[in-house]
Protein chains: 2
Amino acid sequence: MAQIIIQNSLADKVYDLLKDQILSGELAGGMFIPEEQLAQQFGVSRTPIREAIRRLAEYGLVVLKPRSHAQVYQVNEKEARDIARVRVVMERLAVESMTPESINERIEQLARLAADCQYYLGIGNRAALFEKDSLFHLELVKCANNSTLYNLFERLDAQVQLLRVAQNLPDDELGQIINQHGQLLQYLRNGDIAASKALLYKHIVHEAEQNGV
Amino acid sequence: MAQIIIQNSLADKVYDLLKDQILSGELAGGMFIPEEQLAQQFGVSRTPIREAIRRLAEYGLVVLKPRSHAQVYQVNEKEARDIARVRVVMERLAVESMTPESINERIEQLARLAADCQYYLGIGNRAALFEKDSLFHLELVKCANNSTLYNLFERLDAQVQLLRVAQNLPDDELGQIINQHGQLLQYLRNGDIAASKALLYKHIVHEAEQNGV
DNA sequence: AACAACTATCTTGCATACAAAAAACAAGAG
DNA sequence: CTCTTGTTTTTTGTATGCAAGATAGTTGTT
């Protein structure tokens with residue numbers, strides 16, 4: 001059921017832990033993350049730490065100055081809009097690329113993730129809600145059967161997650177957005193691509209513009 | 001004129017060299033690239049080599065199996081179509097996002113790159129032509145003033161370059177495609193977004209479908 | 001007191017060493 | 001001859017040490 005992620009190397013583990021810490025806000029935007037400190041914290045040498053930080057930089061979660069401290073990336077509002085615009089075209093391409101079969105294969109999982117979002121919204125667990133929301137959209141893009149699109153979207157998703165915690169939307173607006181998941185699934189079941197695409201725009205851009213344009 | 005790229009670290013230099021070797025076909029798809037061998041070849045230790053290979057993997061130019069050889073990525077035809085579809089929506093978004101000012105700022109550079117493409121096509125230097133073509137499209141996306149879009153497009157571009165050498169288009173079709181650059185610039189000067197978007201589809205998807213669907 | 005230059009400290013970048021796992025090879029059984 | 005199994009060799013993953021450069025603190029000057 002839950003996808004098992006094999007963490008072979010220490011670098012993988014450190015990467016996942018650091019990513020969680022950044023996305024949870026534990027490591028806030030702008031903070032320095034010296035390699036030696038992390039090495040002691042995780043009880044490993046600097047080598048796997050370095051690799052993890054480098055990968056985080058590739059995903060835009062930390063910024064690297066040569067021969068200087070790595071720093072946790074801080075999203076700004078301009079970037080929030082930029083991210084949303086790219087998200088829209090990618091998710092719309094995903095919807096366009098779907099076939100009835102590829103939708104059927106994943107619709108149950110999508111429905112489950114949408115329900116999870118509702119659940120965590122209800123009990124007020126935002127961290128869990130955001131994680132499920134990301135998984136929902138990743139699953140959506142998977143339906144396109146386009147590995148290039150999926151890989152790029154994964155990268156974008158990292159920044160979307162960073163954005164969500166920084167945004168801190170009010171409960172009612174968040175609820176509205178989460179409710180759209182169910183409607184989107186209904187459109188997809190009916191094969192209504194146009195309606196899906198229109199809803200996606202609202203669903204994604206809305207979020208970013210709440211932040212105050 | 002030519003953008004100066006500062007290569008601070010050895011890893012950067014190794015990355016650039018390996019990238020060139022892969023994109024030129026010198027390191028062909030499927031080949032193994034052991035760290036130690038490269039270390040001796042470049043006269044450095046394995047540490048910067050590892051970092052370079054990891055980054056190449058992030059750009060999809062090599063594939064990494066845990067505790068095993070890194071391997072140069074081999075594009076297949078399905079992926080060629082996938083890449084083209086993503087390219088279309090990203091470059092179309094770029095065109096939509098442009099303003100007359102952002103176009104004016106870069107139109108000269110774009111024209112220069114388009115001319116370079118023509119020149120290298122004329123003398124039959126494909127490697128140089130492909131490089132300029134990539135730069136043309138990167139510059140095009142830059143006009144959108146969307147750093148998220150640009151970063152993702154850079155990643156996609158690496159695979160597009162890999163694709164181009166594998167495709168080996170006949171001269172006449174390549175010529176047709178390169179000629180479209182000038183027309184695109186004309187549309188952009190006139191602010192004709194719709195025509196630009198239509199042409200982009202032809203320009204990009206055409207390439208992929210020549211490969212034989 | 002504010003600013004500049006110098007010094008000390010810290011951090012990264014790279015090289016090297018070693019252990020564990022995978023790949024390659026060889027020998028033996030069917 | 002082919003397939004399997006065991007052994008050797010190679011290759012990766014990680015730790016550690018050192019040098020170059022950046023940061024931060026200190027002193028001296030205006």
# chains A, B, ... in the order shown; residues from 1 in each chain; ligands from 1

$ residues_around --residues "DT7 in chain C" --least-positions-apart "6" --cutoff "12 Å" --atoms "only C-alpha atoms (C1' of nucleotides)" --output "list of chain:residue names"
D:DA24, D:DG25, D:DT26, D:DT27

$ write_last_selection --atoms "all heavy atoms" --output "PDB file, in the first residue's frame"
ATOM      1  P    DA D  24      30.077  35.586   9.554  1.00  0.00           P
ATOM      2  OP1  DA D  24      28.866  34.913  10.048  1.00  0.00           O
ATOM      3  OP2  DA D  24      29.950  36.810   8.742  1.00  0.00           O
ATOM      4  O5'  DA D  24      31.032  35.880  10.781  1.00  0.00           O
ATOM      5  C5'  DA D  24      31.670  34.783  11.446  1.00  0.00           C
ATOM      6  C4'  DA D  24      32.671  35.305  12.454  1.00  0.00           C
ATOM      7  O4'  DA D  24      33.912  35.655  11.782  1.00  0.00           O
ATOM      8  C3'  DA D  24      32.227  36.569  13.194  1.00  0.00           C
ATOM      9  O3'  DA D  24      32.651  36.485  14.541  1.00  0.00           O
ATOM     10  C2'  DA D  24      32.965  37.680  12.460  1.00  0.00           C
ATOM     11  C1'  DA D  24      34.267  36.978  12.136  1.00  0.00           C
ATOM     12  N9   DA D  24      35.005  37.551  11.012  1.00  0.00           N
ATOM     13  C8   DA D  24      34.507  38.039   9.839  1.00  0.00           C
ATOM     14  N7   DA D  24      35.420  38.493   9.019  1.00  0.00           N
ATOM     15  C5   DA D  24      36.608  38.287   9.699  1.00  0.00           C
ATOM     16  C6   DA D  24      37.945  38.559   9.373  1.00  0.00           C
ATOM     17  N6   DA D  24      38.320  39.115   8.214  1.00  0.00           N
ATOM     18  N1   DA D  24      38.897  38.229  10.282  1.00  0.00           N
ATOM     19  C2   DA D  24      38.518  37.674  11.439  1.00  0.00           C
ATOM     20  N3   DA D  24      37.279  37.371  11.858  1.00  0.00           N
ATOM     21  C4   DA D  24      36.366  37.710  10.927  1.00  0.00           C
ATOM     22  P    DG D  25      32.031  37.409  15.675  1.00  0.00           P
ATOM     23  OP1  DG D  25      31.138  36.566  16.487  1.00  0.00           O
ATOM     24  OP2  DG D  25      31.513  38.637  15.021  1.00  0.00           O
ATOM     25  O5'  DG D  25      33.300  37.793  16.557  1.00  0.00           O
ATOM     26  C5'  DG D  25      34.346  36.833  16.765  1.00  0.00           C
ATOM     27  C4'  DG D  25      35.676  37.531  16.870  1.00  0.00           C
ATOM     28  O4'  DG D  25      36.096  37.969  15.551  1.00  0.00           O
ATOM     29  C3'  DG D  25      35.669  38.801  17.750  1.00  0.00           C
ATOM     30  O3'  DG D  25      36.716  38.707  18.694  1.00  0.00           O
ATOM     31  C2'  DG D  25      35.887  39.947  16.758  1.00  0.00           C
ATOM     32  C1'  DG D  25      36.653  39.264  15.649  1.00  0.00           C
ATOM     33  N9   DG D  25      36.510  39.905  14.340  1.00  0.00           N
ATOM     34  C8   DG D  25      35.337  40.180  13.669  1.00  0.00           C
ATOM     35  N7   DG D  25      35.525  40.754  12.512  1.00  0.00           N
ATOM     36  C5   DG D  25      36.911  40.877  12.419  1.00  0.00           C
ATOM     37  C6   DG D  25      37.715  41.426  11.379  1.00  0.00           C
ATOM     38  O6   DG D  25      37.349  41.940  10.313  1.00  0.00           O
ATOM     39  N1   DG D  25      39.074  41.342  11.684  1.00  0.00           N
ATOM     40  C2   DG D  25      39.587  40.799  12.828  1.00  0.00           C
ATOM     41  N2   DG D  25      40.913  40.803  12.940  1.00  0.00           N
ATOM     42  N3   DG D  25      38.859  40.279  13.803  1.00  0.00           N
ATOM     43  C4   DG D  25      37.533  40.355  13.526  1.00  0.00           C
ATOM     44  P    DT D  26      36.867  39.770  19.893  1.00  0.00           P
ATOM     45  OP1  DT D  26      37.142  39.032  21.139  1.00  0.00           O
ATOM     46  OP2  DT D  26      35.717  40.696  19.831  1.00  0.00           O
ATOM     47  O5'  DT D  26      38.172  40.566  19.455  1.00  0.00           O
ATOM     48  C5'  DT D  26      39.265  39.845  18.868  1.00  0.00           C
ATOM     49  C4'  DT D  26      40.334  40.819  18.417  1.00  0.00           C
ATOM     50  O4'  DT D  26      40.066  41.268  17.062  1.00  0.00           O
ATOM     51  C3'  DT D  26      40.437  42.102  19.271  1.00  0.00           C
ATOM     52  O3'  DT D  26      41.793  42.342  19.601  1.00  0.00           O
ATOM     53  C2'  DT D  26      39.862  43.194  18.376  1.00  0.00           C
ATOM     54  C1'  DT D  26      40.198  42.681  16.990  1.00  0.00           C
ATOM     55  N1   DT D  26      39.270  43.162  15.915  1.00  0.00           N
ATOM     56  C2   DT D  26      39.812  43.654  14.754  1.00  0.00           C
ATOM     57  O2   DT D  26      41.009  43.704  14.538  1.00  0.00           O
ATOM     58  N3   DT D  26      38.891  44.073  13.828  1.00  0.00           N
ATOM     59  C4   DT D  26      37.503  44.073  13.969  1.00  0.00           C
ATOM     60  O4   DT D  26      36.768  44.488  13.075  1.00  0.00           O
ATOM     61  C5   DT D  26      37.010  43.555  15.217  1.00  0.00           C
ATOM     62  C7   DT D  26      35.537  43.508  15.470  1.00  0.00           C
ATOM     63  C6   DT D  26      37.910  43.119  16.134  1.00  0.00           C
ATOM     64  P    DT D  27      42.162  43.363  20.801  1.00  0.00           P
ATOM     65  OP1  DT D  27      42.925  42.620  21.829  1.00  0.00           O
ATOM     66  OP2  DT D  27      40.938  44.113  21.159  1.00  0.00           O
ATOM     67  O5'  DT D  27      43.151  44.356  20.048  1.00  0.00           O
ATOM     68  C5'  DT D  27      44.093  43.845  19.094  1.00  0.00           C
ATOM     69  C4'  DT D  27      44.345  44.883  18.026  1.00  0.00           C
ATOM     70  O4'  DT D  27      43.165  45.025  17.189  1.00  0.00           O
ATOM     71  C3'  DT D  27      44.656  46.291  18.569  1.00  0.00           C
ATOM     72  O3'  DT D  27      45.946  46.691  18.140  1.00  0.00           O
ATOM     73  C2'  DT D  27      43.538  47.169  18.005  1.00  0.00           C
ATOM     74  C1'  DT D  27      43.092  46.369  16.791  1.00  0.00           C
ATOM     75  N1   DT D  27      41.687  46.636  16.356  1.00  0.00           N
ATOM     76  C2   DT D  27      41.462  47.078  15.079  1.00  0.00           C
ATOM     77  O2   DT D  27      42.342  47.262  14.265  1.00  0.00           O
ATOM     78  N3   DT D  27      40.133  47.296  14.775  1.00  0.00           N
ATOM     79  C4   DT D  27      39.047  47.127  15.622  1.00  0.00           C
ATOM     80  O4   DT D  27      37.911  47.368  15.242  1.00  0.00           O
ATOM     81  C5   DT D  27      39.365  46.672  16.945  1.00  0.00           C
ATOM     82  C7   DT D  27      38.262  46.456  17.942  1.00  0.00           C
ATOM     83  C6   DT D  27      40.649  46.453  17.258  1.00  0.00           C
TER      84       DT D  27
END

$ closest_atom_pairs --of "chain B" --to "chain D" --cutoff "12 Å" --atoms "only C-alpha atoms (C1' of nucleotides)" --output "Markdown table"
| residue | atom | partner | partner_atom | distance |
| --- | --- | --- | --- | --- |
| B:Asn8 | CA | D:DG21 | C1' | 11.6 |
| B:Phe32 | CA | D:DT11 | C1' | 11.6 |
| B:Ile33 | CA | D:DT11 | C1' | 10.8 |
| B:Pro34 | CA | D:DT11 | C1' | 7.4 |
| B:Glu35 | CA | D:DT11 | C1' | 8.1 |
| B:Glu36 | CA | D:DT11 | C1' | 8.2 |
| B:Gln37 | CA | D:DT11 | C1' | 10.4 |
| B:Arg46 | CA | D:DT12 | C1' | 10.6 |
| B:Thr47 | CA | D:DG13 | C1' | 11.4 |
| B:Arg50 | CA | D:DT12 | C1' | 10.0 |
| B:Leu64 | CA | D:DT12 | C1' | 11.1 |
| B:Lys65 | CA | D:DT12 | C1' | 10.2 |
| B:Pro66 | CA | D:DT12 | C1' | 8.2 |
| B:Arg67 | CA | D:DT12 | C1' | 5.0 |
| B:Ser68 | CA | D:DT12 | C1' | 6.4 |
| B:His69 | CA | D:DT11 | C1' | 7.4 |
| B:Ala70 | CA | D:DT12 | C1' | 9.9 |

$ interface_residues --of "chain C" --to "chain B" --cutoff "9 Å" --atoms "only C-alpha atoms (C1' of nucleotides)" --output "mmCIF file with C-alpha atoms (C1' of nucleotides), in the first residue's frame"
data_model
loop_
_atom_site.group_PDB
_atom_site.id
_atom_site.type_symbol
_atom_site.label_atom_id
_atom_site.label_comp_id
_atom_site.auth_asym_id
_atom_site.auth_seq_id
_atom_site.Cartn_x
_atom_site.Cartn_y
_atom_site.Cartn_z
ATOM 1 C "C1'" DG C 13 37.103 21.640 -1.148
ATOM 2 C "C1'" DC C 14 39.908 17.946 -2.169
ATOM 3 C "C1'" DA C 15 42.854 13.828 -1.396
ATOM 4 C "C1'" DT C 16 43.438 9.517 0.603
ATOM 5 C "C1'" DA C 21 28.878 -4.769 -1.561
ATOM 6 C "C1'" DA C 22 28.521 -5.833 -6.321
ATOM 7 C "C1'" DA C 23 30.569 -7.551 -10.616
#

$ select_by_dssp --residues "range 16-170 of chain B" --states "strand (DSSP E or B)" --output "ChimeraX atom specification"
/B:32,62-64,70-72

$ interface_residues --of "chain A" --to "chain B" --cutoff "10 Å" --atoms "only C-alpha atoms" --output "number ranges by chain"
A: 7-9, 47, 50-51, 54-55, 58-60, 66-67, 78-90, 92-94, 97, 144-153, 155-156, 159

$ residues_around --residues "Ala127 in chain A" --least-positions-apart "6" --cutoff "12 Å" --atoms "only C-alpha atoms (C1' of nucleotides)" --output "JSON, numbers by chain"
{"A": [20, 21, 22, 23, 24, 25, 26, 117, 120, 121, 133, 134, 161, 162, 164, 165, 166, 168]}

$ residues_around --residues "Leu188 in chain B" --least-positions-apart "6" --cutoff "9 Å" --atoms "only C-alpha atoms (C1' of nucleotides)" --output "JSON, numbers by chain"
{"B": [95, 100, 103, 107, 195, 196]}

$ select_by_dssp --residues "chain A" --states "helix (DSSP H, G or I)" --output "number ranges by chain"
A: 10-23, 35-42, 46-58, 77-97, 100-122, 126-142, 147-167, 171-189, 193-210

$ atom_distance --atom1 "CA of Glu91 in chain B" --atom2 "CA of Val62 in chain B"
24.9 Å

$ atom_distance --atom1 "CA of Ala115 in chain A" --atom2 "CA of Gly191 in chain A"
20.9 Å
